[in-house]
>>> print(open('start-v8.txt').read())   # compact mmCIF, C-alpha atoms and all ligand atoms
# COMPACT_ATOMS: atom_id res chain seq x y z
CA MET A 21 -145.35 -147.66 -89.65
CA SER A 22 -145.10 -150.95 -87.72
CA THR A 23 -143.24 -152.44 -90.70
CA ARG A 24 -140.59 -149.70 -90.35
CA ILE A 25 -140.24 -150.36 -86.62
CA LEU A 26 -139.84 -154.09 -87.32
CA PHE A 27 -137.21 -153.33 -89.99
CA PHE A 28 -135.17 -151.12 -87.61
CA THR A 29 -135.43 -153.65 -84.81
CA LEU A 30 -134.15 -156.49 -87.04
CA THR A 31 -131.32 -154.32 -88.42
CA ALA A 32 -130.21 -153.34 -84.90
CA ALA A 33 -130.23 -157.00 -83.79
CA ALA A 34 -128.12 -158.03 -86.81
CA LEU A 35 -125.58 -155.26 -86.15
CA ALA A 36 -125.32 -156.24 -82.49
CA THR A 37 -124.59 -159.85 -83.49
CA VAL A 38 -121.82 -158.76 -85.90
CA ALA A 39 -120.27 -156.47 -83.25
CA PHE A 40 -120.31 -159.29 -80.67
CA ALA A 41 -118.60 -161.72 -83.07
CA ALA A 42 -115.97 -159.12 -84.06
CA SER A 43 -115.14 -158.42 -80.41
CA GLY A 44 -113.81 -161.97 -80.17
CA ALA A 45 -116.06 -162.86 -77.26
CA GLY A 46 -115.79 -166.58 -76.70
CA GLY A 47 -113.01 -166.88 -79.29
CA ASN A 48 -109.22 -167.01 -79.07
CA PRO A 49 -107.42 -164.32 -77.05
CA ALA A 50 -105.61 -161.66 -79.06
CA PRO A 51 -101.95 -162.52 -79.64
CA ALA A 52 -99.53 -160.73 -77.32
CA GLY A 53 -97.53 -158.10 -79.18
CA ARG A 54 -94.21 -156.41 -78.49
CA GLY A 55 -94.30 -154.65 -75.18
CA ALA A 56 -97.00 -156.91 -73.77
CA PRO A 57 -96.70 -157.24 -70.00
CA ALA A 58 -94.63 -160.18 -68.81
CA GLY A 59 -96.73 -163.16 -67.81
CA ARG A 60 -98.42 -166.18 -69.28
CA GLY A 61 -100.28 -166.24 -72.56
CA GLY A 62 -102.65 -168.81 -74.01
CA GLY A 63 -101.51 -172.39 -73.40
CA GLY A 64 -99.24 -171.30 -70.54
CA ALA A 65 -96.50 -169.81 -72.71
CA PRO A 66 -94.56 -166.88 -71.23
CA THR A 67 -95.24 -163.60 -73.04
CA GLY A 68 -92.33 -161.37 -72.05
CA LEU A 69 -88.53 -161.53 -71.82
CA ARG A 70 -88.37 -161.88 -68.04
CA ALA A 71 -91.11 -164.49 -67.86
CA ALA A 72 -89.41 -166.48 -70.65
CA MET A 73 -86.04 -166.22 -68.82
CA ASN A 74 -87.62 -167.49 -65.62
CA ASP A 75 -89.10 -170.44 -67.49
CA MET A 76 -85.71 -171.12 -69.14
CA GLN A 77 -84.17 -171.26 -65.69
CA ASN A 78 -86.76 -173.80 -64.51
CA MET A 79 -86.01 -175.93 -67.58
CA VAL A 80 -82.23 -175.78 -66.99
CA LEU A 81 -82.76 -176.88 -63.38
CA ALA A 82 -84.89 -179.82 -64.58
CA LEU A 83 -82.25 -180.73 -67.18
CA LYS A 84 -79.47 -180.67 -64.58
CA LYS A 85 -81.52 -183.11 -62.50
CA ASP A 86 -82.82 -185.52 -65.15
CA ALA A 87 -81.14 -185.15 -68.57
CA ALA A 88 -78.51 -187.87 -67.97
CA ASP A 89 -81.11 -190.38 -66.75
CA PRO A 90 -81.92 -192.83 -69.60
CA ASP A 91 -85.30 -193.62 -67.99
CA LYS A 92 -86.37 -189.98 -68.38
CA ILE A 93 -85.59 -189.38 -72.05
CA ASP A 94 -89.20 -188.58 -73.05
CA GLN A 95 -89.63 -186.03 -70.28
CA THR A 96 -86.20 -184.52 -71.00
CA LEU A 97 -87.06 -184.02 -74.67
CA LYS A 98 -90.25 -182.21 -73.64
CA THR A 99 -88.26 -180.06 -71.21
CA LEU A 100 -85.86 -179.20 -74.04
CA ALA A 101 -88.74 -178.35 -76.39
CA GLN A 102 -90.10 -175.98 -73.74
CA PHE A 103 -86.66 -174.41 -73.29
CA GLU A 104 -86.38 -173.94 -77.08
CA ARG A 105 -89.86 -172.35 -77.10
CA ASP A 106 -88.79 -169.94 -74.34
CA VAL A 107 -85.64 -168.93 -76.23
CA ALA A 108 -87.74 -168.31 -79.36
CA ILE A 109 -90.08 -166.11 -77.27
CA VAL A 110 -87.07 -164.09 -76.03
CA LYS A 111 -85.98 -163.66 -79.67
CA MET A 112 -89.40 -162.18 -80.50
CA GLN A 113 -89.01 -159.44 -77.85
CA GLN A 114 -87.33 -156.09 -78.14
CA PRO A 115 -83.69 -156.82 -77.11
CA PRO A 116 -82.71 -154.88 -73.98
CA LEU A 117 -80.02 -152.60 -75.41
CA ASP A 118 -80.36 -149.72 -72.95
CA ARG A 119 -77.40 -150.88 -70.83
CA VAL A 120 -74.88 -151.54 -73.64
CA PRO A 121 -72.47 -148.87 -74.91
CA ASP A 122 -72.78 -149.91 -78.58
CA PRO A 123 -76.33 -150.90 -79.60
CA VAL A 124 -75.26 -152.32 -82.99
CA LYS A 125 -72.73 -154.66 -81.38
CA GLY A 126 -75.19 -155.34 -78.55
CA LEU A 127 -77.91 -156.45 -80.96
CA ALA A 128 -75.49 -158.79 -82.79
CA ASP A 129 -74.21 -160.22 -79.49
CA PHE A 130 -77.74 -160.72 -78.17
CA ARG A 131 -78.84 -162.59 -81.29
CA ASN A 132 -75.66 -164.72 -81.32
CA LEU A 133 -76.05 -165.72 -77.69
CA MET A 134 -79.72 -166.63 -78.08
CA SER A 135 -78.98 -168.64 -81.25
CA SER A 136 -76.16 -170.42 -79.41
CA LEU A 137 -78.67 -171.40 -76.74
CA GLN A 138 -80.92 -172.86 -79.46
CA ARG A 139 -78.03 -174.78 -81.09
CA THR A 140 -76.88 -176.10 -77.74
CA ALA A 141 -80.42 -177.27 -76.96
CA LEU A 142 -80.63 -179.15 -80.28
CA ASP A 143 -77.20 -180.75 -79.71
CA LEU A 144 -78.39 -181.71 -76.26
CA GLU A 145 -81.45 -183.43 -77.77
CA ASP A 146 -79.09 -185.59 -79.88
CA ALA A 147 -76.87 -186.38 -76.89
CA VAL A 148 -79.88 -187.32 -74.74
CA ILE A 149 -81.26 -189.66 -77.41
CA ALA A 150 -77.79 -191.21 -77.89
CA LYS A 151 -77.41 -191.49 -74.07
CA LYS A 152 -73.98 -189.81 -74.19
CA VAL A 153 -73.67 -188.81 -70.55
CA ASP A 154 -70.37 -186.90 -70.85
CA GLU A 155 -71.70 -184.92 -73.81
CA ILE A 156 -74.94 -184.19 -71.93
CA LYS A 157 -73.00 -182.74 -69.00
CA LYS A 158 -70.78 -180.67 -71.30
CA LEU A 159 -73.75 -179.16 -73.13
CA ILE A 160 -75.61 -178.31 -69.93
CA ALA A 161 -72.46 -176.55 -68.69
CA LYS A 162 -72.59 -174.54 -71.94
CA PHE A 163 -76.01 -173.17 -70.94
CA ASP A 164 -74.39 -171.78 -67.79
CA GLU A 165 -71.55 -170.20 -69.81
CA LEU A 166 -73.98 -168.56 -72.25
CA GLU A 167 -76.16 -167.31 -69.41
CA LYS A 168 -73.13 -165.79 -67.70
CA ALA A 169 -71.99 -164.10 -70.92
CA GLY A 170 -75.50 -162.74 -71.61
CA HIS A 171 -76.09 -161.46 -68.09
CA ASN A 172 -72.62 -159.88 -67.88
CA GLU A 173 -73.30 -157.91 -71.03
CA PHE A 174 -77.01 -157.04 -70.71
CA ILE A 175 -77.92 -156.79 -67.04
C1 LIG B 201 -79.79 -170.77 -69.98
C2 LIG B 201 -79.55 -169.47 -70.11
C3 LIG B 201 -80.25 -168.39 -69.31
C4 LIG B 201 -81.03 -168.49 -68.20
C5 LIG B 201 -81.42 -169.73 -67.43
C6 LIG B 201 -81.45 -167.14 -67.85
C7 LIG B 201 -82.23 -166.82 -66.75
C8 LIG B 201 -82.61 -165.55 -66.40
C9 LIG B 201 -83.37 -165.18 -65.23
C10 LIG B 201 -83.88 -166.17 -64.19
C11 LIG B 201 -83.56 -163.86 -65.24
C12 LIG B 201 -84.28 -163.01 -64.19
C13 LIG B 201 -85.72 -162.76 -64.62
C14 LIG B 201 -86.45 -161.85 -63.62
O1 LIG B 201 -85.90 -160.83 -63.23
O2 LIG B 201 -87.58 -162.19 -63.26
C15 LIG B 201 -82.92 -163.34 -66.43
C16 LIG B 201 -82.91 -162.03 -66.81
C17 LIG B 201 -82.33 -161.56 -67.95
N1 LIG B 201 -81.60 -162.29 -68.87
FE1 LIG B 201 -81.27 -164.26 -68.81
N2 LIG B 201 -80.92 -166.28 -68.76
C18 LIG B 201 -80.18 -167.00 -69.66
C19 LIG B 201 -79.48 -166.50 -70.75
C20 LIG B 201 -79.48 -165.20 -71.13
C21 LIG B 201 -78.79 -164.70 -72.29
C22 LIG B 201 -77.96 -165.55 -73.25
C23 LIG B 201 -79.06 -163.36 -72.35
C24 LIG B 201 -78.63 -162.34 -73.37
C25 LIG B 201 -78.25 -162.65 -74.59
C26 LIG B 201 -79.91 -163.02 -71.23
C27 LIG B 201 -80.40 -161.78 -70.94
C28 LIG B 201 -81.17 -161.44 -69.86
C29 LIG B 201 -81.64 -160.10 -69.56
C30 LIG B 201 -81.39 -158.85 -70.39
C31 LIG B 201 -82.37 -160.17 -68.37
C32 LIG B 201 -83.05 -159.02 -67.61
C33 LIG B 201 -84.49 -158.90 -68.06
C34 LIG B 201 -85.17 -157.71 -67.35
O3 LIG B 201 -84.86 -157.45 -66.18
O4 LIG B 201 -85.99 -157.08 -67.99
N3 LIG B 201 -80.13 -164.16 -70.51
N4 LIG B 201 -82.34 -164.39 -67.11
>>> encode(input="start-v8.txt", output="C-alpha cells", more="lines below")
Ligand code: HEM
Amino acid sequence: MSTRILFFTLTAAALATVAFAASGAGGNPAPAGRGAPAGRGGGGAPTGLRAAMNDMQNMVLALKKDAADPDKIDQTLKTLAQFERDVAIVKMQQPPLDRVPDPVKGLADFRNLMSSLQRTALDLEDAVIAKKVDEIKKLIAKFDELEKAGHNEFI
C-alpha cells in the first residue's frame, strides 16, 4: 500500500514539474501576435502600430538633430536601425483600412509607403556614411513627405 502511495506522489511531482516548465515560467515571454495591445515588448521594441509610429517619430526627431553631424555617425546609424525596426513592426500589423474607400488600393498604398520609408532609411544610411550633408537633408525631408501622404490617406 505504501509503495502505491509513493508511486502516486512521485508521478504527481513529475507532472507538476512538466506543467511548470510548459507554462514558460522563468523563460522568454510569448511573442506578441496580431492585435496585441500597443506597448513595449521584450527588449523595448514597440508591439503595436501606434507605439511603433511614436517611436518612428522620436527617431525622425533625433535624425533631424544629429544626422548631418559627422561626429555622430555611429549614433545616427543606430537611430536609423531602430527606425527601420519600427517600420518593419508596422508592416507586421494589420493595416488600418477602415477609413479608406477602396481597401485593395489602400493595402497597396500602405505597403508602398512603408517600403518607401525603408528604402529612404537605407539611402540615408549611405548618405550619412558618405557625409553627404545635402543628400542627408533631402532624405530626411522625404520622411516628412511620406508621413504626410500616409496620414492624409489613413487617418
Ligand atoms: C516618418 C514617417 C512617419 C512618422 C514619424 C509617423 C508618426 C506617427 C505618429 C506619431 C502617430 C500617432 C500615434 C498615436 O496616436 O499615438 C501616427 C499614427 C498613424 N500613422 Fe504614422 N507616421 C509616419 C508615417 C506613416 C505612414 C507612411 C503611414 C501609412 C502608410 C502612417 C499611418 C499611420 C496611421 C494609420 C496612424 C494611426 C494609428 C492609430 O490611431 O491607430 N504613418 N504616425
>>> closest_residue(input="start-v8.txt", among="A:Ile109, A:Ala150, A:Leu97, A:Ala71", to="ligand LIG 201 (chain B)", atoms="all atoms listed in the file")
A:Ala71
>>> residues_around(input="start-v8.txt", residues="A:Asp129", least_positions_apart="5", cutoff="12 Å", atoms="only C-alpha atoms", output="list in words")
Pro115, Pro116, Leu117, Val120, Asp122, Pro123, Val124, Met134, Ser135, Ser136, Leu166, Ala169, Gly170, His171, Asn172, Glu173 and Phe174 of chain A
>>> residues_around(input="start-v8.txt", residues="A:Arg139", least_positions_apart="2", cutoff="12 Å", atoms="all atoms listed in the file", output="PDB file with C-alpha atoms, in the frame of the given file")
ATOM      1  CA  LEU A 100     -85.860-179.200 -74.040  1.00  0.00           C
ATOM      2  CA  PHE A 103     -86.660-174.410 -73.290  1.00  0.00           C
ATOM      3  CA  GLU A 104     -86.380-173.940 -77.080  1.00  0.00           C
ATOM      4  CA  VAL A 107     -85.640-168.930 -76.230  1.00  0.00           C
ATOM      5  CA  ALA A 108     -87.740-168.310 -79.360  1.00  0.00           C
ATOM      6  CA  ASN A 132     -75.660-164.720 -81.320  1.00  0.00           C
ATOM      7  CA  LEU A 133     -76.050-165.720 -77.690  1.00  0.00           C
ATOM      8  CA  MET A 134     -79.720-166.630 -78.080  1.00  0.00           C
ATOM      9  CA  SER A 135     -78.980-168.640 -81.250  1.00  0.00           C
ATOM     10  CA  SER A 136     -76.160-170.420 -79.410  1.00  0.00           C
ATOM     11  CA  LEU A 137     -78.670-171.400 -76.740  1.00  0.00           C
ATOM     12  CA  ALA A 141     -80.420-177.270 -76.960  1.00  0.00           C
ATOM     13  CA  LEU A 142     -80.630-179.150 -80.280  1.00  0.00           C
ATOM     14  CA  ASP A 143     -77.200-180.750 -79.710  1.00  0.00           C
ATOM     15  CA  LEU A 144     -78.390-181.710 -76.260  1.00  0.00           C
ATOM     16  CA  GLU A 145     -81.450-183.430 -77.770  1.00  0.00           C
ATOM     17  CA  ASP A 146     -79.090-185.590 -79.880  1.00  0.00           C
ATOM     18  CA  LEU A 159     -73.750-179.160 -73.130  1.00  0.00           C
ATOM     19  CA  ILE A 160     -75.610-178.310 -69.930  1.00  0.00           C
ATOM     20  CA  LYS A 162     -72.590-174.540 -71.940  1.00  0.00           C
ATOM     21  CA  PHE A 163     -76.010-173.170 -70.940  1.00  0.00           C
ATOM     22  CA  LEU A 166     -73.980-168.560 -72.250  1.00  0.00           C
TER      23      LEU A 166
END
>>> axis_aligned_box(input="start-v8.txt", around="ligand LIG 201 (chain B)", padding_each_side="8 Å", output="AutoDock Vina command-line options")
--center_x -82.8 --center_y -163.9 --center_z -68.9 --size_x 25.6 --size_y 29.7 --size_z 27.4
>>> closest_residue(input="start-v8.txt", among="A:Asp75, A:Asp89, A:Asp94, A:Asp154", to="ligand LIG 201 (chain B)", atoms="all atoms listed in the file")
A:Asp75
>>> closest_residue(input="start-v8.txt", among="A:Lys85, A:Lys98, A:Arg70, A:Arg119", to="ligand LIG 201 (chain B)", atoms="all atoms listed in the file")
A:Arg70
>>> atom_distance(input="start-v8.txt", atom1="atom C19 of ligand LIG 201 (chain B)", atom2="atom CA of A:Ile93")
23.7 Å
>>> closest_residue(input="start-v8.txt", among="A:Gln77, A:Thr96, A:Gln138, A:Thr67", to="ligand LIG 201 (chain B)", atoms="only C-alpha atoms and all ligand atoms")
A:Gln77
>>> atom_distance(input="start-v8.txt", atom1="atom C4 of ligand LIG 201 (chain B)", atom2="atom CA of A:Glu167")
5.2 Å
>>> closest_residue(input="start-v8.txt", among="A:Ala87, A:Ala101, A:Leu81, A:Ala65", to="ligand LIG 201 (chain B)", atoms="all atoms listed in the file")
A:Leu81
>>> atom_distance(input="start-v8.txt", atom1="atom C12 of ligand LIG 201 (chain B)", atom2="atom CA of A:Ala88")
25.8 Å
